[in-house]
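Pasting data-v4.pdb here (PDB, C-alpha atoms):
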ATOM      1  CA  MET A   3       0.000   0.000   0.000
ATOM      2  CA  ALA A   4       2.789   2.378   0.971
ATOM      3  CA  THR A   5       4.427   1.906  -2.412
ATOM      4  CA  SER A   6       1.236   2.571  -4.335
ATOM      5  CA  MET A   7       0.626   5.733  -2.296
ATOM      6  CA  GLY A   8       4.180   6.801  -3.008
ATOM      7  CA  CYS A   9       3.523   6.268  -6.713
ATOM      8  CA  LEU A  10       0.413   8.389  -6.510
ATOM      9  CA  VAL A  11       2.306  11.281  -4.983
ATOM     10  CA  LEU A  12       4.987  10.897  -7.613
ATOM     11  CA  LEU A  13       2.336  10.828 -10.340
ATOM     12  CA  CYS A  14       0.885  14.056  -8.977
ATOM     13  CA  LEU A  15       4.265  15.688  -9.383
ATOM     14  CA  VAL A  16       5.047  14.449 -12.843
ATOM     15  CA  SER A  17       1.627  14.253 -14.437
ATOM     16  CA  PRO A  18       1.687  17.811 -15.842
ATOM     17  CA  LEU A  19       5.011  16.932 -17.429
ATOM     18  CA  LEU A  20       3.623  13.616 -18.608
ATOM     19  CA  ALA A  21       0.552  15.290 -20.032
ATOM     20  CA  SER A  22       2.661  17.590 -22.138
ATOM     21  CA  ALA A  23       5.002  14.797 -23.164
ATOM     22  CA  VAL A  24       2.155  12.467 -24.079
ATOM     23  CA  HIS A  25       0.408  15.188 -26.036
ATOM     24  CA  GLY A  26       3.687  16.190 -27.633
ATOM     25  CA  HIS A  27       2.898  19.864 -26.942
ATOM     26  CA  PRO A  28       0.375  20.126 -29.760
ATOM     27  CA  TRP A  29      -0.568  23.599 -28.476
ATOM     28  CA  GLY A  30       2.917  25.038 -28.155
ATOM     29  CA  GLY A  31       3.467  24.127 -24.504
ATOM     30  CA  LEU A  32      -0.118  24.700 -23.347
ATOM     31  CA  PHE A  33      -2.286  21.775 -22.229
ATOM     32  CA  PRO A  34      -5.829  21.450 -20.873
ATOM     33  CA  GLN A  35      -4.741  19.735 -17.617
ATOM     34  CA  PHE A  36      -2.368  22.553 -16.612
ATOM     35  CA  TYR A  37      -4.268  23.436 -13.406
ATOM     36  CA  ASP A  38      -5.544  19.947 -12.549
ATOM     37  CA  HIS A  39      -3.262  19.758  -9.495
ATOM     38  CA  SER A  40      -2.454  23.387  -8.670
ATOM     39  CA  CYS A  41      -6.091  24.552  -8.868
ATOM     40  CA  PRO A  42      -8.421  21.596  -9.500
ATOM     41  CA  LYS A  43     -11.611  23.698  -9.361
ATOM     42  CA  ALA A  44     -10.336  26.423 -11.716
ATOM     43  CA  LYS A  45     -12.465  25.465 -14.736
ATOM     44  CA  GLU A  46     -15.541  24.970 -12.550
ATOM     45  CA  ILE A  47     -15.114  28.407 -10.940
ATOM     46  CA  VAL A  48     -14.765  30.148 -14.314
ATOM     47  CA  GLN A  49     -17.743  28.304 -15.782
ATOM     48  CA  SER A  50     -20.026  29.094 -12.883
ATOM     49  CA  ILE A  51     -19.329  32.845 -12.914
ATOM     50  CA  VAL A  52     -19.597  33.053 -16.719
ATOM     51  CA  ALA A  53     -22.917  31.176 -16.509
ATOM     52  CA  GLN A  54     -24.265  33.705 -13.973
ATOM     53  CA  ALA A  55     -23.131  36.636 -16.124
ATOM     54  CA  VAL A  56     -24.669  35.228 -19.320
ATOM     55  CA  ALA A  57     -27.915  34.356 -17.511
ATOM     56  CA  LYS A  58     -28.103  37.996 -16.423
ATOM     57  CA  GLU A  59     -27.292  39.339 -19.905
ATOM     58  CA  THR A  60     -27.051  37.079 -22.963
ATOM     59  CA  ARG A  61     -24.949  39.635 -24.826
ATOM     60  CA  MET A  62     -22.127  39.066 -22.323
ATOM     61  CA  ALA A  63     -21.313  35.757 -24.070
ATOM     62  CA  ALA A  64     -20.333  37.621 -27.246
ATOM     63  CA  SER A  65     -18.488  40.276 -25.226
ATOM     64  CA  LEU A  66     -16.296  37.654 -23.532
ATOM     65  CA  VAL A  67     -15.496  35.862 -26.808
ATOM     66  CA  ARG A  68     -14.479  39.218 -28.305
ATOM     67  CA  LEU A  69     -12.305  40.056 -25.303
ATOM     68  CA  HIS A  70     -10.221  36.909 -25.931
ATOM     69  CA  PHE A  71      -9.962  37.784 -29.645
ATOM     70  CA  HIS A  72      -8.855  41.380 -28.984
ATOM     71  CA  ASP A  73      -6.337  40.053 -26.467
ATOM     72  CA  CYS A  74      -4.805  37.400 -28.724
ATOM     73  CA  PHE A  75      -4.364  39.659 -31.770
ATOM     74  CA  VAL A  76      -2.182  42.091 -29.801
ATOM     75  CA  LYS A  77       1.148  40.659 -28.516
ATOM     76  CA  GLY A  78      -0.441  37.196 -28.263
ATOM     77  CA  CYS A  79      -2.921  35.790 -25.704
ATOM     78  CA  ASP A  80      -1.341  37.448 -22.673
ATOM     79  CA  ALA A  81      -4.176  39.466 -21.055
ATOM     80  CA  SER A  82      -2.508  42.722 -22.149
ATOM     81  CA  VAL A  83      -6.004  43.975 -23.090
ATOM     82  CA  LEU A  84      -7.081  43.909 -19.425
ATOM     83  CA  LEU A  85      -4.461  46.347 -18.137
ATOM     84  CA  ASP A  86      -5.753  49.785 -17.104
ATOM     85  CA  ASN A  87      -3.780  53.004 -17.594
ATOM     86  CA  SER A  88      -1.001  53.475 -15.035
ATOM     87  CA  SER A  89       2.309  55.281 -14.761
ATOM     88  CA  SER A  90       3.912  52.535 -16.871
ATOM     89  CA  ILE A  91       0.968  51.396 -19.038
ATOM     90  CA  VAL A  92      -0.962  53.035 -21.870
ATOM     91  CA  SER A  93      -4.048  50.836 -21.841
ATOM     92  CA  GLU A  94      -5.272  49.016 -24.961
ATOM     93  CA  LYS A  95      -8.784  49.852 -23.730
ATOM     94  CA  GLY A  96      -8.345  53.313 -25.288
ATOM     95  CA  SER A  97      -7.601  52.052 -28.820
ATOM     96  CA  ASN A  98      -9.987  52.615 -31.746
ATOM     97  CA  PRO A  99     -11.342  49.048 -31.816
ATOM     98  CA  ASN A 100     -11.799  48.932 -28.022
ATOM     99  CA  ARG A 101     -12.843  52.405 -26.844
ATOM    100  CA  ASN A 102     -16.546  52.590 -25.822
ATOM    101  CA  SER A 103     -16.907  49.112 -27.207
ATOM    102  CA  LEU A 104     -14.959  46.371 -25.439
ATOM    103  CA  ARG A 105     -16.785  45.093 -22.343
ATOM    104  CA  GLY A 106     -16.898  42.220 -19.836
ATOM    105  CA  PHE A 107     -14.048  43.486 -17.649
ATOM    106  CA  GLU A 108     -16.132  43.276 -14.460
ATOM    107  CA  VAL A 109     -16.939  39.623 -15.133
ATOM    108  CA  VAL A 110     -13.205  38.922 -15.489
ATOM    109  CA  ASP A 111     -12.576  40.765 -12.191
ATOM    110  CA  GLN A 112     -15.182  38.586 -10.509
ATOM    111  CA  ILE A 113     -13.649  35.376 -11.886
ATOM    112  CA  LYS A 114     -10.168  36.496 -10.852
ATOM    113  CA  ALA A 115     -11.293  37.307  -7.290
ATOM    114  CA  ALA A 116     -12.885  33.855  -6.928
ATOM    115  CA  LEU A 117      -9.766  32.124  -8.291
ATOM    116  CA  GLU A 118      -7.476  34.146  -6.007
ATOM    117  CA  ALA A 119      -9.588  33.063  -3.045
ATOM    118  CA  ALA A 120      -9.389  29.396  -4.088
ATOM    119  CA  CYS A 121      -5.793  29.237  -5.386
ATOM    120  CA  PRO A 122      -3.816  32.444  -4.796
ATOM    121  CA  GLY A 123      -1.365  33.475  -7.513
ATOM    122  CA  THR A 124      -2.049  30.438  -9.679
ATOM    123  CA  VAL A 125      -4.451  30.993 -12.594
ATOM    124  CA  SER A 126      -3.503  33.635 -15.145
ATOM    125  CA  CYS A 127      -5.811  36.317 -16.491
ATOM    126  CA  ALA A 128      -4.898  35.165 -20.015
ATOM    127  CA  ASP A 129      -6.222  31.670 -19.232
ATOM    128  CA  ILE A 130      -9.364  33.187 -17.694
ATOM    129  CA  LEU A 131     -10.064  34.893 -21.035
ATOM    130  CA  ALA A 132      -9.525  31.645 -22.986
ATOM    131  CA  LEU A 133     -11.813  29.641 -20.669
ATOM    132  CA  ALA A 134     -14.485  32.362 -20.516
ATOM    133  CA  ALA A 135     -14.623  32.493 -24.333
ATOM    134  CA  ARG A 136     -15.191  28.729 -24.531
ATOM    135  CA  ASP A 137     -17.758  28.695 -21.710
ATOM    136  CA  SER A 138     -19.635  31.616 -23.280
ATOM    137  CA  THR A 139     -19.807  29.835 -26.624
ATOM    138  CA  VAL A 140     -21.198  26.657 -25.051
ATOM    139  CA  LEU A 141     -23.748  28.545 -22.927
ATOM    140  CA  VAL A 142     -25.413  30.068 -25.983
ATOM    141  CA  GLY A 143     -25.557  26.797 -27.909
ATOM    142  CA  GLY A 144     -22.157  26.624 -29.586
ATOM    143  CA  PRO A 145     -19.500  23.886 -29.648
ATOM    144  CA  TYR A 146     -17.372  22.731 -26.715
ATOM    145  CA  TRP A 147     -13.592  22.380 -26.993
ATOM    146  CA  ASP A 148     -10.829  21.560 -24.541
ATOM    147  CA  VAL A 149      -8.959  24.772 -23.800
ATOM    148  CA  PRO A 150      -5.167  24.389 -23.698
ATOM    149  CA  LEU A 151      -3.915  26.234 -20.597
ATOM    150  CA  GLY A 152      -0.673  27.518 -19.077
ATOM    151  CA  ARG A 153      -0.526  31.044 -20.505
ATOM    152  CA  ARG A 154       1.042  33.718 -18.314
ATOM    153  CA  ASP A 155       0.205  37.422 -18.115
ATOM    154  CA  SER A 156       2.059  40.209 -19.899
ATOM    155  CA  LEU A 157       4.123  42.912 -18.225
ATOM    156  CA  GLY A 158       2.995  45.523 -20.747
ATOM    157  CA  ALA A 159       0.353  46.583 -23.261
ATOM    158  CA  SER A 160       0.431  47.922 -26.819
ATOM    159  CA  ILE A 161      -2.120  50.514 -27.879
ATOM    160  CA  GLN A 162      -0.316  50.713 -31.257
ATOM    161  CA  GLY A 163      -0.736  46.976 -31.745
ATOM    162  CA  SER A 164      -4.374  47.279 -30.751
ATOM    163  CA  ASN A 165      -4.946  50.055 -33.285
ATOM    164  CA  ASN A 166      -3.074  48.301 -36.101
ATOM    165  CA  ASP A 167      -3.424  44.542 -35.710
ATOM    166  CA  ILE A 168      -7.104  43.927 -34.943
ATOM    167  CA  PRO A 169      -9.184  43.438 -38.134
ATOM    168  CA  ALA A 170     -11.618  46.340 -38.606
ATOM    169  CA  PRO A 171     -15.203  46.268 -39.943
ATOM    170  CA  ASN A 172     -14.226  48.374 -42.974
ATOM    171  CA  ASN A 173     -10.969  46.566 -43.812
ATOM    172  CA  THR A 174     -10.762  44.985 -47.250
ATOM    173  CA  LEU A 175     -10.720  41.192 -47.387
ATOM    174  CA  PRO A 176      -6.992  41.054 -48.363
ATOM    175  CA  THR A 177      -6.182  43.258 -45.335
ATOM    176  CA  ILE A 178      -8.231  41.035 -43.018
ATOM    177  CA  ILE A 179      -6.531  37.896 -44.362
ATOM    178  CA  THR A 180      -3.104  39.538 -43.949
ATOM    179  CA  LYS A 181      -3.861  40.473 -40.328
ATOM    180  CA  PHE A 182      -4.807  36.842 -39.616
ATOM    181  CA  LYS A 183      -1.749  35.465 -41.452
ATOM    182  CA  ARG A 184       0.528  37.693 -39.364
ATOM    183  CA  GLN A 185      -0.787  35.808 -36.340
ATOM    184  CA  GLY A 186      -0.159  32.425 -37.970
ATOM    185  CA  LEU A 187      -3.832  31.931 -38.850
ATOM    186  CA  ASN A 188      -5.169  30.977 -42.279
ATOM    187  CA  VAL A 189      -8.216  31.606 -44.482
ATOM    188  CA  VAL A 190     -10.255  28.858 -42.802
ATOM    189  CA  ASP A 191      -9.609  30.586 -39.462
ATOM    190  CA  VAL A 192     -10.766  33.900 -40.979
ATOM    191  CA  VAL A 193     -14.109  32.520 -42.141
ATOM    192  CA  ALA A 194     -14.729  30.215 -39.165
ATOM    193  CA  LEU A 195     -13.878  32.851 -36.521
ATOM    194  CA  SER A 196     -15.981  35.480 -38.321
ATOM    195  CA  GLY A 197     -18.863  33.119 -37.504
ATOM    196  CA  GLY A 198     -18.512  34.340 -33.917
ATOM    197  CA  HIS A 199     -20.764  37.112 -35.286
ATOM    198  CA  THR A 200     -23.664  34.669 -34.967
ATOM    199  CA  ILE A 201     -24.017  36.321 -31.534
ATOM    200  CA  GLY A 202     -23.487  39.838 -30.256
ATOM    201  CA  MET A 203     -24.186  43.405 -31.274
ATOM    202  CA  SER A 204     -22.474  46.039 -33.359
ATOM    203  CA  ARG A 205     -22.611  49.833 -33.119
ATOM    204  CA  CYS A 206     -24.032  51.989 -35.887
ATOM    205  CA  THR A 207     -20.617  53.603 -36.336
ATOM    206  CA  SER A 208     -19.192  50.243 -37.466
ATOM    207  CA  PHE A 209     -21.456  49.857 -40.511
ATOM    208  CA  ARG A 210     -22.892  53.340 -41.253
ATOM    209  CA  GLN A 211     -20.789  53.752 -44.397
ATOM    210  CA  ARG A 212     -22.544  50.722 -45.957
ATOM    211  CA  LEU A 213     -25.906  52.446 -45.586
ATOM    212  CA  TYR A 214     -25.020  55.821 -47.092
ATOM    213  CA  ASN A 215     -21.681  56.011 -48.840
ATOM    214  CA  GLN A 216     -19.881  52.703 -49.285
ATOM    215  CA  THR A 217     -17.540  53.653 -52.110
ATOM    216  CA  GLY A 218     -17.528  57.439 -51.798
ATOM    217  CA  ASN A 219     -20.269  57.957 -54.408
ATOM    218  CA  GLY A 220     -23.056  58.646 -51.898
ATOM    219  CA  MET A 221     -24.656  55.258 -52.574
ATOM    220  CA  ALA A 222     -25.456  52.339 -50.286
ATOM    221  CA  ASP A 223     -23.380  49.156 -50.532
ATOM    222  CA  SER A 224     -24.783  47.241 -53.516
ATOM    223  CA  THR A 225     -24.110  43.897 -51.793
ATOM    224  CA  LEU A 226     -26.491  44.848 -48.940
ATOM    225  CA  ASP A 227     -30.108  43.651 -49.227
ATOM    226  CA  VAL A 228     -32.269  46.722 -49.970
ATOM    227  CA  SER A 229     -35.029  46.068 -47.420
ATOM    228  CA  TYR A 230     -32.507  45.167 -44.710
ATOM    229  CA  ALA A 231     -30.620  48.410 -45.466
ATOM    230  CA  ALA A 232     -33.836  50.434 -45.164
ATOM    231  CA  GLN A 233     -34.515  48.821 -41.790
ATOM    232  CA  LEU A 234     -30.984  49.611 -40.553
ATOM    233  CA  ARG A 235     -31.268  53.261 -41.623
ATOM    234  CA  GLN A 236     -34.216  53.655 -39.236
ATOM    235  CA  GLY A 237     -31.874  53.210 -36.261
ATOM    236  CA  CYS A 238     -28.610  54.366 -37.808
ATOM    237  CA  PRO A 239     -28.945  57.908 -39.182
ATOM    238  CA  ARG A 240     -26.309  59.679 -41.294
ATOM    239  CA  SER A 241     -25.114  61.458 -38.181
ATOM    240  CA  GLY A 242     -25.777  60.823 -34.504
ATOM    241  CA  GLY A 243     -26.739  57.517 -32.926
ATOM    242  CA  ASP A 244     -23.159  56.245 -33.132
ATOM    243  CA  ASN A 245     -23.658  53.845 -30.226
ATOM    244  CA  ASN A 246     -27.046  52.471 -31.315
ATOM    245  CA  LEU A 247     -26.760  48.678 -31.254
ATOM    246  CA  PHE A 248     -27.798  46.141 -33.884
ATOM    247  CA  PRO A 249     -27.535  42.339 -33.790
ATOM    248  CA  LEU A 250     -24.796  40.916 -36.032
ATOM    249  CA  ASP A 251     -27.158  37.997 -36.766
ATOM    250  CA  PHE A 252     -30.680  39.470 -36.872
ATOM    251  CA  VAL A 253     -32.387  36.051 -37.192
ATOM    252  CA  THR A 254     -31.141  34.347 -34.002
ATOM    253  CA  PRO A 255     -29.117  37.062 -32.247
ATOM    254  CA  ALA A 256     -28.764  35.171 -28.957
ATOM    255  CA  LYS A 257     -28.089  31.690 -30.319
ATOM    256  CA  PHE A 258     -24.759  30.337 -31.525
ATOM    257  CA  ASP A 259     -25.672  28.696 -34.851
ATOM    258  CA  ASN A 260     -24.916  29.067 -38.579
ATOM    259  CA  PHE A 261     -27.473  31.765 -39.419
ATOM    260  CA  TYR A 262     -24.614  34.250 -39.711
ATOM    261  CA  TYR A 263     -23.564  32.447 -42.924
ATOM    262  CA  LYS A 264     -27.143  31.998 -44.177
ATOM    263  CA  ASN A 265     -27.634  35.742 -43.704
ATOM    264  CA  LEU A 266     -24.507  36.473 -45.776
ATOM    265  CA  LEU A 267     -25.966  34.406 -48.631
ATOM    266  CA  ALA A 268     -29.096  36.607 -48.479
ATOM    267  CA  GLY A 269     -27.097  39.882 -48.535
ATOM    268  CA  LYS A 270     -27.922  40.445 -44.882
ATOM    269  CA  GLY A 271     -24.523  40.478 -43.233
ATOM    270  CA  LEU A 272     -24.231  43.585 -41.046
ATOM    271  CA  LEU A 273     -20.582  44.589 -41.427
ATOM    272  CA  SER A 274     -18.676  45.072 -44.642
ATOM    273  CA  SER A 275     -16.042  42.693 -43.192
ATOM    274  CA  ASP A 276     -18.805  40.041 -42.951
ATOM    275  CA  GLU A 277     -20.267  40.389 -46.455
ATOM    276  CA  VAL A 278     -16.863  40.497 -48.240
ATOM    277  CA  LEU A 279     -16.309  36.873 -47.180
ATOM    278  CA  LEU A 280     -18.970  36.003 -49.751
ATOM    279  CA  THR A 281     -18.381  38.649 -52.404
ATOM    280  CA  LYS A 282     -14.612  39.141 -52.719
ATOM    281  CA  SER A 283     -13.026  35.687 -52.860
ATOM    282  CA  ALA A 284     -14.015  32.305 -54.259
ATOM    283  CA  GLU A 285     -12.083  30.559 -51.493
ATOM    284  CA  THR A 286     -13.845  32.338 -48.620
ATOM    285  CA  ALA A 287     -17.222  32.169 -50.417
ATOM    286  CA  ALA A 288     -16.921  28.377 -50.662
ATOM    287  CA  LEU A 289     -16.430  28.184 -46.889
ATOM    288  CA  VAL A 290     -19.383  30.534 -46.234
ATOM    289  CA  LYS A 291     -21.587  28.211 -48.328
ATOM    290  CA  ALA A 292     -20.220  25.090 -46.642
ATOM    291  CA  TYR A 293     -20.925  26.470 -43.141
ATOM    292  CA  ALA A 294     -24.393  27.716 -44.180
ATOM    293  CA  ALA A 295     -25.189  24.192 -45.356
ATOM    294  CA  ASP A 296     -23.638  22.270 -42.436
ATOM    295  CA  VAL A 297     -23.749  23.599 -38.890
ATOM    296  CA  ASN A 298     -21.643  20.678 -37.599
ATOM    297  CA  LEU A 299     -18.817  21.508 -40.003
ATOM    298  CA  PHE A 300     -18.958  25.118 -38.815
ATOM    299  CA  PHE A 301     -18.882  24.073 -35.148
ATOM    300  CA  GLN A 302     -15.935  21.762 -35.759
ATOM    301  CA  HIS A 303     -13.947  24.450 -37.605
ATOM    302  CA  PHE A 304     -14.872  27.195 -35.131
ATOM    303  CA  ALA A 305     -13.676  25.101 -32.172
ATOM    304  CA  GLN A 306     -10.382  24.277 -33.915
ATOM    305  CA  SER A 307      -9.838  27.898 -34.962
ATOM    306  CA  MET A 308     -10.483  29.093 -31.397
ATOM    307  CA  VAL A 309      -7.748  26.723 -30.196
ATOM    308  CA  ASN A 310      -5.480  28.045 -32.969
ATOM    309  CA  MET A 311      -6.209  31.647 -31.982
ATOM    310  CA  GLY A 312      -5.721  30.854 -28.289
ATOM    311  CA  ASN A 313      -2.263  29.594 -29.137
ATOM    312  CA  ILE A 314      -0.946  32.881 -30.560
ATOM    313  CA  SER A 315       2.418  33.648 -28.870
ATOM    314  CA  PRO A 316       1.568  32.701 -25.289
ATOM    315  CA  LEU A 317       3.959  33.571 -22.470
ATOM    316  CA  THR A 318       4.892  30.330 -20.688
ATOM    317  CA  GLY A 319       7.276  28.963 -18.075
ATOM    318  CA  SER A 320       8.872  31.870 -16.233
ATOM    319  CA  GLN A 321       7.907  34.545 -18.793
ATOM    320  CA  GLY A 322       5.554  37.302 -17.653
ATOM    321  CA  GLU A 323       3.725  36.805 -14.354
ATOM    322  CA  ILE A 324       0.465  35.612 -12.831
ATOM    323  CA  ARG A 325      -1.366  38.858 -12.060
ATOM    324  CA  LYS A 326      -3.232  39.085  -8.749
ATOM    325  CA  ASN A 327      -5.519  41.716 -10.246
ATOM    326  CA  CYS A 328      -6.079  41.505 -13.998
ATOM    327  CA  ARG A 329      -6.162  45.298 -14.350
ATOM    328  CA  ARG A 330      -2.626  45.930 -13.118
ATOM    329  CA  LEU A 331       0.870  44.531 -12.864
ATOM    330  CA  ASN A 332       1.851  42.940  -9.563
ATOM    331  CA  SER A 333       4.581  45.600  -9.248
ATOM    332  CA  ASP A 334       1.900  48.329  -9.375
ATOM    333  CA  HIS A 335       0.100  47.057  -6.276
TER     334      HIS A 335
END

Output the file's structure as structure tokens, nothing else.
Amino acid sequence: MATSMGCLVLLCLVSPLLASAVHGHPWGGLFPQFYDHSCPKAKEIVQSIVAQAVAKETRMAASLVRLHFHDCFVKGCDASVLLDNSSSIVSEKGSNPNRNSLRGFEVVDQIKAALEAACPGTVSCADILALAARDSTVLVGGPYWDVPLGRRDSLGASIQGSNNDIPAPNNTLPTIITKFKRQGLNVVDVVALSGGHTIGMSRCTSFRQRLYNQTGNGMADSTLDVSYAAQLRQGCPRSGGDNNLFPLDFVTPAKFDNFYYKNLLAGKGLLSSDEVLLTKSAETAALVKAYAADVNLFFQHFAQSMVNMGNISPLTGSQGEIRKNCRRLNSDH
């Protein structure tokens, strides 16, 4: 008995190493079991707080998925997006894509506080964002995936990176594809991750040009369904109403499904960056049609692309730190 107990203790010590060896580090050093011994309830704690937040406000699911995306596209998935302004930090929250737009920070604070109470100094803010994005997706009817874990938190932020590297609603398709390729992501990732727009809302300011002056000739975007455009103009005037919100998928705005792609086929994508997936490239259009026809294929690709995105340049080992408060560096406490 003593020997078998001894083995168990030994296993506890080496199993994280084993896990990564067995899995051959398919996620660049991250692995789903990372906290199984250091904080066994970590995933449960995250899930329960995300579930409460989404029950209170369905839109929060989309907000938390977007938070992970806007984190990963700037300096990798390192929770740099969560840092507030300080003497040493110019916050990414003030960038063009994020200002008056990015949300969900209080939910992250709540998760972090619960994790600090359970396992002080153990679970990174970057991993919280990755888990919250997965849990949010599942809660509104989307696919489940195992989230590779073990990211650490950045010691800085980059407002320049936030302004330049995050794909924008009015970017051309080649620009969007280039921004993804810079992160090591491909065209399948572009089309599958755009399907995250099956949930969530967008501000009038993000698509106004499609309604009034798409190409500078004072005309609406010709790829936008005429009756849908008329409807959007009601709540998105030429000037004013910048923050008026519209669902990115007007058919099932609160359900994670493939209506986003079906809407594109009907000329009813909200953003220019959505509709161009169908109109500007045969390769992306073929994927739009495939996902519109097969929700399971979409779910499978979305889950894989979320893992791919979550693996952008993570800090691991002794790099970075595990923040105690996601809004500031440990040295700023």

Skip segment 274-281 of chain A itself and residues of its chain fewer than 5 positions away, then list as a ChimeraX atom specification all residues within 10 Å of it, counting all atoms listed in the file.
-> /A:169-176,178,192-193,196-197,199,208-212,216,223,225-226,250,262-263,265-269,286-291

Show me, as a Markdown table, the residues of segment 141-259 of chain A having an atom within 10 Å of segment 102-113 of chain A, each with the closest atom pair and its distance in Å, using only C-alpha atoms.
| residue | atom | partner | partner_atom | distance |
| --- | --- | --- | --- | --- |
| A:Ser204 | CA | A:Ser103 | CA | 8.8 |
| A:Arg205 | CA | A:Ser103 | CA | 8.2 |
| A:Asn245 | CA | A:Asn102 | CA | 8.5 |

Can you tell me, as a list in words, what residues are no more than 9 Å from Val309 of chain A when counting all atoms listed in the file, ignoring any on the same chain fewer than 2 positions away?
->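 Final neighbour list, sorted by chain and number: Trp29, Ala132, Trp147, Asp148, Val149, Pro150, Phe304, Ala305, Gln306, Ser307, Met311, Gly312 and Asn313 of chain A.
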
Pick from A:Pro239, A:Ala81, A:Tyr293, A:Ser89 nearest to Lys264 of chain A, counting only C-alpha atoms |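 Using only C-alpha atoms, Lys264 of chain A sits closest to A:Tyr293.
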
Just the residues within 12 Å of Lys326 of chain A, please, counting all atoms listed in the file, with nothing from its chain fewer than 3 positions along; format it as a PDB file with C-alpha atoms, in the coordinates of the input.
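around-v7.pdb was written with the following content:
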ATOM      1  CA  LEU A  85      -4.461  46.347 -18.137  1.00  0.00           C
ATOM      2  CA  ASP A 111     -12.576  40.765 -12.191  1.00  0.00           C
ATOM      3  CA  ILE A 113     -13.649  35.376 -11.886  1.00  0.00           C
ATOM      4  CA  LYS A 114     -10.168  36.496 -10.852  1.00  0.00           C
ATOM      5  CA  ALA A 115     -11.293  37.307  -7.290  1.00  0.00           C
ATOM      6  CA  ALA A 116     -12.885  33.855  -6.928  1.00  0.00           C
ATOM      7  CA  LEU A 117      -9.766  32.124  -8.291  1.00  0.00           C
ATOM      8  CA  GLU A 118      -7.476  34.146  -6.007  1.00  0.00           C
ATOM      9  CA  ALA A 119      -9.588  33.063  -3.045  1.00  0.00           C
ATOM     10  CA  CYS A 121      -5.793  29.237  -5.386  1.00  0.00           C
ATOM     11  CA  PRO A 122      -3.816  32.444  -4.796  1.00  0.00           C
ATOM     12  CA  GLY A 123      -1.365  33.475  -7.513  1.00  0.00           C
ATOM     13  CA  THR A 124      -2.049  30.438  -9.679  1.00  0.00           C
ATOM     14  CA  VAL A 125      -4.451  30.993 -12.594  1.00  0.00           C
ATOM     15  CA  SER A 126      -3.503  33.635 -15.145  1.00  0.00           C
ATOM     16  CA  CYS A 127      -5.811  36.317 -16.491  1.00  0.00           C
ATOM     17  CA  ARG A 154       1.042  33.718 -18.314  1.00  0.00           C
ATOM     18  CA  ASP A 155       0.205  37.422 -18.115  1.00  0.00           C
ATOM     19  CA  GLU A 323       3.725  36.805 -14.354  1.00  0.00           C
ATOM     20  CA  ARG A 329      -6.162  45.298 -14.350  1.00  0.00           C
ATOM     21  CA  ARG A 330      -2.626  45.930 -13.118  1.00  0.00           C
ATOM     22  CA  LEU A 331       0.870  44.531 -12.864  1.00  0.00           C
ATOM     23  CA  ASN A 332       1.851  42.940  -9.563  1.00  0.00           C
ATOM     24  CA  SER A 333       4.581  45.600  -9.248  1.00  0.00           C
ATOM     25  CA  ASP A 334       1.900  48.329  -9.375  1.00  0.00           C
ATOM     26  CA  HIS A 335       0.100  47.057  -6.276  1.00  0.00           C
TER      27      HIS A 335
END

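Take the candidates A:Leu157, A:Val48, A:Leu69, A:Leu247 and check each one against Arg325 of chain A using all atoms listed in the file; the shortest distance goes to A:Leu157.
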
Which is closer to Ala194 of chain A than all the others in A:His39, A:His70, A:Arg136, A:His303, using only C-alpha atoms?
-> A:His303
